[in-house]
Amino acid sequence: MSANYRSVFDIIGPVMIGPSSSHTAGAVAIGRAANRIFHAEPTEVVIHYYESFAQTHQGHGTDYAIISGILGFAPDDSRVPDAITIAKKRGIKVTFIEEDGDSPINHPNTAIIELRNADREVTVSGCSIGGGTIEIREIKMDGFDIKPKGPLPILLMQGQADDHHAMSAKLEKLTSINSEATYHAGDGILYEYDLENRLKNQDLDDLAKEHSKLVYL
Amino acid sequence: MSVKELVKDSMDKQTPISELMIQQEMAKNKASREEVWSTMERNLDVMEAAVKRGSEGNGVFSKTGLTGGEAVLLKKYREKGHTLSGDLMMEAVQNAIATNEVNASMGVVCATPTAGSTGTLPGVIFVIKKRLNLDHDQMVRFLFTAGAFGMVIANNAGIAGATGGCQAEVGSASAMGAAAAVEMAGGNAEQSAEALAMAISNLLGLVCDPVAGLVELPCVKRNAIGAGNALISADMALAGLTNKIPADEVISAMDKIGKDLPKALRETGQGGLAATPTGVNMKMRIFGKTVDVGDEN
């Protein structure tokens, strides 16, 4: 099993706006993952909090953190504390729900984000495991119910078997693939690659040129 | 990776842990030495800026009014020259508190390993810089060593208050600081591991009970203890004291204790100091609701 914390900068870092790495910086990261998956500006966002997130989101600034991630801000962006106001000005309806029960993805710092607009709806279940590091444990998008092991980075690709073989070969040159999974929805196929190391921006751009419908978390 | 493996690697190769960490980071992320080094330099700059900001003028204050201005009180107290535990120790405490006051006021910090425990390492690093006349490069190396040990703790136990309590946050930070301080003082990797083991052992069982769920009370001052404990543990290891229980077993004990802690004491703001009458009143004043918020939306 591959370790969750793979870089020294997961431990010494991130540079962030206070007050909590798990409930603020980690929440920004979960929001950013949702932003990358949805890949558009939503008209409505519903956030379900569980356990520690449900009890302490107000005190930790989790609300503005998660919204700032959904808007695509970095954890040290000075606009982070104003994210909810910014979202409302852009006409995004935002709802926070403190859930009573245990986390469906089995972690005390859980947020489940629903994003929707006129065209599309996705659900992203993430947890913040400490120090700003997160896991994504479930994604519902385009009819697929994706259940990654959790640790990032994860690359998702919609395509056919040929695309998959080509992608695997390319990824193997850039890093190691810790695990792969295949999901079906109607005629569509989605491939999930759990990677050992983060991809460089240039490498990611090159992959995106040849394969559309990539999601990199 | 275990502490034992990390120490063996360092002793076998006669290479400091900071250097092993730099090489691993370069190899894993296909990054140049310059990239890795400059990222860590930036983190050091952020730490230094937070320490400075929290100790200047009247200091910084959080929006809630629960914390702030106390680093400045310590600074003024130190100026009188009558500290009981010595000026170096109280400067470490001041720097730790300054950093966490900046964090509580939604300022910019470098999470080491978390934001709640962000003051502990700055508490250690800037006083040993003075004490040992460390140059800039050695301070950057301090952070690589601290990070190497922090990765072992994070991957084998955890660093989240919600899963492990404050022992996993300030306890981990204190252990990282102790281990790195030993390397800077010329100790070997085995002594770093002993310092780490002692530092965590001293804080085992520490609960996460933030008043009103805010990273303020008692988080800010727990970082002062984290920094002080790191310096004391480093000194004990350099003097040749050992923990007897090996570092990896201590980390494993911390993990188990975290799992045994009730939810009320794992960053839910529902137990410990958060559940005292005063803690509950503070929450009412700030959020207008009682501690048990489970049934509210």
# chains A, B, ... in the order shown; residues from 1 in each chain; ligands from 1
>>> closest_atom_pairs(of="chain A", to="chain B", cutoff="9 Å", atoms="only C-alpha atoms", output="Markdown table")
| residue | atom | partner | partner_atom | distance |
| --- | --- | --- | --- | --- |
| A:Ala3 | CA | B:Asn155 | CA | 5.8 |
| A:Asn4 | CA | B:Asn155 | CA | 6.2 |
| A:Tyr5 | CA | B:Asn155 | CA | 6.1 |
| A:Arg6 | CA | B:Met151 | CA | 7.6 |
| A:Ser7 | CA | B:Glu25 | CA | 6.4 |
| A:Val8 | CA | B:Gly147 | CA | 5.3 |
| A:Phe9 | CA | B:Gly147 | CA | 7.6 |
| A:Asp10 | CA | B:Pro113 | CA | 7.6 |
| A:Ile11 | CA | B:Pro113 | CA | 4.6 |
| A:Ile12 | CA | B:Thr112 | CA | 4.9 |
| A:Gly13 | CA | B:Ala111 | CA | 4.7 |
| A:Pro14 | CA | B:Ala111 | CA | 5.6 |
| A:Val15 | CA | B:Cys110 | CA | 4.2 |
| A:Met16 | CA | B:Val108 | CA | 5.4 |
| A:Ile17 | CA | B:Val108 | CA | 4.5 |
| A:Gly18 | CA | B:Met106 | CA | 4.3 |
| A:Pro19 | CA | B:Asn103 | CA | 5.0 |
| A:Ser20 | CA | B:Ala115 | CA | 4.9 |
| A:Ser21 | CA | B:Ala115 | CA | 4.8 |
| A:Ser22 | CA | B:Ala160 | CA | 7.0 |
| A:Thr24 | CA | B:Ala115 | CA | 8.9 |
| A:Ala25 | CA | B:Ala115 | CA | 8.7 |
| A:Glu51 | CA | B:Thr268 | CA | 7.4 |
| A:Ser52 | CA | B:Thr268 | CA | 4.8 |
| A:Phe53 | CA | B:Thr268 | CA | 7.9 |
| A:Ala54 | CA | B:Gly294 | CA | 7.6 |
| A:Gln55 | CA | B:Thr268 | CA | 5.5 |
| A:Thr56 | CA | B:Gly213 | CA | 4.8 |
| A:His57 | CA | B:Gly213 | CA | 7.8 |
| A:Gln58 | CA | B:Gly213 | CA | 7.7 |
| A:Gly59 | CA | B:Leu214 | CA | 4.6 |
| A:His60 | CA | B:Leu214 | CA | 5.7 |
| A:Gly61 | CA | B:Leu214 | CA | 8.9 |
| A:Asp76 | CA | B:Val108 | CA | 7.0 |
| A:Ser78 | CA | B:Val108 | CA | 8.9 |
| A:Pro81 | CA | B:Met106 | CA | 8.1 |
| A:Phe96 | CA | B:Asn297 | CA | 7.6 |
| A:Ile97 | CA | B:Asn297 | CA | 5.5 |
| A:Glu98 | CA | B:Asn297 | CA | 5.3 |
| A:Glu99 | CA | B:Gly294 | CA | 7.5 |
| A:Asp100 | CA | B:Gly294 | CA | 5.7 |
| A:Gly101 | CA | B:Gly294 | CA | 8.9 |
| A:His107 | CA | B:Thr163 | CA | 8.1 |
| A:Pro108 | CA | B:Ala162 | CA | 6.2 |
| A:Asn109 | CA | B:Ala162 | CA | 6.9 |
| A:Ser128 | CA | B:Ala160 | CA | 8.5 |
| A:Ile129 | CA | B:Ala160 | CA | 6.1 |
| A:Gly130 | CA | B:Ala160 | CA | 4.1 |
| A:Gly131 | CA | B:Thr114 | CA | 4.2 |
| A:Gly132 | CA | B:Thr114 | CA | 7.1 |
| A:Thr175 | CA | B:Lys28 | CA | 8.7 |
| A:Glu196 | CA | B:Lys28 | CA | 8.6 |
| A:Asn197 | CA | B:Asn29 | CA | 6.2 |
| A:Arg198 | CA | B:Asn29 | CA | 6.9 |
| A:Leu199 | CA | B:Asn29 | CA | 8.2 |
| A:Lys200 | CA | B:Asn29 | CA | 8.5 |
>>> select_by_dssp(residues="segment 83-126 of chain A", states="alpha helix (DSSP H)", output="PyMOL selection string")
chain A and resi 83-89
>>> write_last_selection(atoms="N, CA and C atoms", output="tab-separated table (two decimals), in the first residue's frame")
chain	number	residue	atom	x	y	z
A	83	ALA	N	-14.92	33.99	0.06
A	83	ALA	CA	-15.39	33.15	-1.05
A	83	ALA	C	-16.92	33.05	-1.12
A	84	ILE	N	-17.59	33.00	0.04
A	84	ILE	CA	-19.05	32.81	-0.01
A	84	ILE	C	-19.72	34.03	-0.62
A	85	THR	N	-19.25	35.21	-0.21
A	85	THR	CA	-19.79	36.45	-0.79
A	85	THR	C	-19.55	36.48	-2.30
A	86	ILE	N	-18.35	36.07	-2.70
A	86	ILE	CA	-18.00	36.07	-4.12
A	86	ILE	C	-18.91	35.11	-4.89
A	87	ALA	N	-19.14	33.92	-4.31
A	87	ALA	CA	-20.01	32.93	-4.97
A	87	ALA	C	-21.43	33.47	-5.12
A	88	LYS	N	-21.93	34.10	-4.07
A	88	LYS	CA	-23.30	34.63	-4.13
A	88	LYS	C	-23.42	35.73	-5.18
A	89	LYS	N	-22.38	36.56	-5.26
A	89	LYS	CA	-22.39	37.62	-6.28
A	89	LYS	C	-22.42	37.04	-7.69
>>> residues_around(residues="Cys166 of chain B", least_positions_apart="4", cutoff="7 Å", atoms="only C-alpha atoms", output="VMD selection string")
chain B and resid 161 170 to 171 206 to 208
>>> write_last_selection(atoms="N, CA and C atoms", output="tab-separated table (two decimals), in the first residue's frame")
chain	number	residue	atom	x	y	z
B	161	GLY	N	-6.08	16.12	14.22
B	161	GLY	CA	-6.72	16.13	15.53
B	161	GLY	C	-8.01	15.34	15.54
B	170	VAL	N	0.26	18.72	17.78
B	170	VAL	CA	1.37	19.34	18.50
B	170	VAL	C	2.40	18.28	18.90
B	171	GLY	N	1.95	17.08	19.24
B	171	GLY	CA	2.88	16.00	19.57
B	171	GLY	C	3.81	15.69	18.40
B	206	LEU	N	-2.62	13.58	24.60
B	206	LEU	CA	-3.11	14.97	24.55
B	206	LEU	C	-4.35	15.06	23.65
B	207	VAL	N	-5.43	15.58	24.21
B	207	VAL	CA	-6.71	15.58	23.49
B	207	VAL	C	-6.87	16.83	22.64
B	208	CYS	N	-7.78	16.77	21.69
B	208	CYS	CA	-8.09	17.93	20.83
B	208	CYS	C	-9.47	18.42	21.24
>>> select_by_dssp(residues="segment 29-195 of chain A", states="strand (DSSP E)", output="PyMOL selection string")
chain A and resi 44-50+93-98+109-116+121-130+133-141+144-146+154-158+177-185+188-195
>>> residues_around(residues="Ile245 of chain B", least_positions_apart="3", cutoff="8 Å", atoms="only C-alpha atoms", output="number ranges by chain")
B: 197, 249-250
>>> residues_around(residues="Ser212 of chain A", least_positions_apart="6", cutoff="9 Å", atoms="only C-alpha atoms", output="list of chain:residue names")
A:Met157, A:Gln158, A:Gly159
>>> residues_around(residues="Ile200 of chain B", least_positions_apart="5", cutoff="8 Å", atoms="only C-alpha atoms", output="mmCIF file with all heavy atoms, in the first residue's frame")
data_model
loop_
_atom_site.group_PDB
_atom_site.id
_atom_site.type_symbol
_atom_site.label_atom_id
_atom_site.label_comp_id
_atom_site.auth_asym_id
_atom_site.auth_seq_id
_atom_site.Cartn_x
_atom_site.Cartn_y
_atom_site.Cartn_z
ATOM 1 N N GLN B 167 -2.249 15.171 20.406
ATOM 2 C CA GLN B 167 -0.973 14.454 20.403
ATOM 3 C C GLN B 167 -0.476 14.245 18.961
ATOM 4 O O GLN B 167 0.731 14.256 18.711
ATOM 5 C CB GLN B 167 -1.101 13.100 21.108
ATOM 6 C CG GLN B 167 -2.202 12.226 20.520
ATOM 7 C CD GLN B 167 -2.150 10.759 20.945
ATOM 8 O OE1 GLN B 167 -1.351 10.382 21.791
ATOM 9 N NE2 GLN B 167 -3.001 9.951 20.329
ATOM 10 N N GLY B 171 1.948 17.083 19.240
ATOM 11 C CA GLY B 171 2.883 16.002 19.575
ATOM 12 C C GLY B 171 3.806 15.694 18.402
ATOM 13 O O GLY B 171 5.024 15.592 18.564
ATOM 14 N N SER B 172 3.228 15.572 17.214
ATOM 15 C CA SER B 172 4.035 15.289 16.016
ATOM 16 C C SER B 172 4.985 16.446 15.716
ATOM 17 O O SER B 172 6.166 16.238 15.418
ATOM 18 C CB SER B 172 3.133 15.053 14.808
ATOM 19 O OG SER B 172 2.301 13.934 15.023
ATOM 20 N N SER B 174 6.171 18.653 17.738
ATOM 21 C CA SER B 174 7.208 18.731 18.760
ATOM 22 C C SER B 174 8.289 17.681 18.496
ATOM 23 O O SER B 174 9.493 17.955 18.598
ATOM 24 C CB SER B 174 6.555 18.506 20.127
ATOM 25 O OG SER B 174 7.470 18.743 21.153
ATOM 26 N N ALA B 175 7.869 16.490 18.106
ATOM 27 C CA ALA B 175 8.822 15.413 17.799
ATOM 28 C C ALA B 175 9.677 15.764 16.581
ATOM 29 O O ALA B 175 10.891 15.522 16.562
ATOM 30 C CB ALA B 175 8.048 14.121 17.550
ATOM 31 N N VAL B 250 6.616 4.001 19.812
ATOM 32 C CA VAL B 250 5.938 5.172 20.376
ATOM 33 C C VAL B 250 4.918 5.718 19.371
ATOM 34 O O VAL B 250 3.779 6.056 19.728
ATOM 35 C CB VAL B 250 6.961 6.269 20.755
ATOM 36 C CG1 VAL B 250 6.249 7.548 21.188
ATOM 37 C CG2 VAL B 250 7.888 5.785 21.866
ATOM 38 N N ILE B 251 5.320 5.777 18.105
ATOM 39 C CA ILE B 251 4.409 6.269 17.061
ATOM 40 C C ILE B 251 3.185 5.362 16.967
ATOM 41 O O ILE B 251 2.039 5.823 16.857
ATOM 42 C CB ILE B 251 5.145 6.368 15.702
ATOM 43 C CG1 ILE B 251 6.195 7.484 15.763
ATOM 44 C CG2 ILE B 251 4.165 6.611 14.563
ATOM 45 C CD1 ILE B 251 7.173 7.481 14.594
ATOM 46 N N MET B 254 0.905 6.024 19.823
ATOM 47 C CA MET B 254 0.135 7.248 19.597
ATOM 48 C C MET B 254 -1.069 6.963 18.696
ATOM 49 O O MET B 254 -2.183 7.444 18.944
ATOM 50 C CB MET B 254 1.018 8.319 18.966
ATOM 51 C CG MET B 254 0.278 9.622 18.705
ATOM 52 S SD MET B 254 1.344 10.890 18.029
ATOM 53 C CE MET B 254 1.119 10.609 16.294
#
>>> atom_distance(atom1="atom CA of Ala98 of chain B", atom2="atom CA of Ala50 of chain B")
7.1 Å
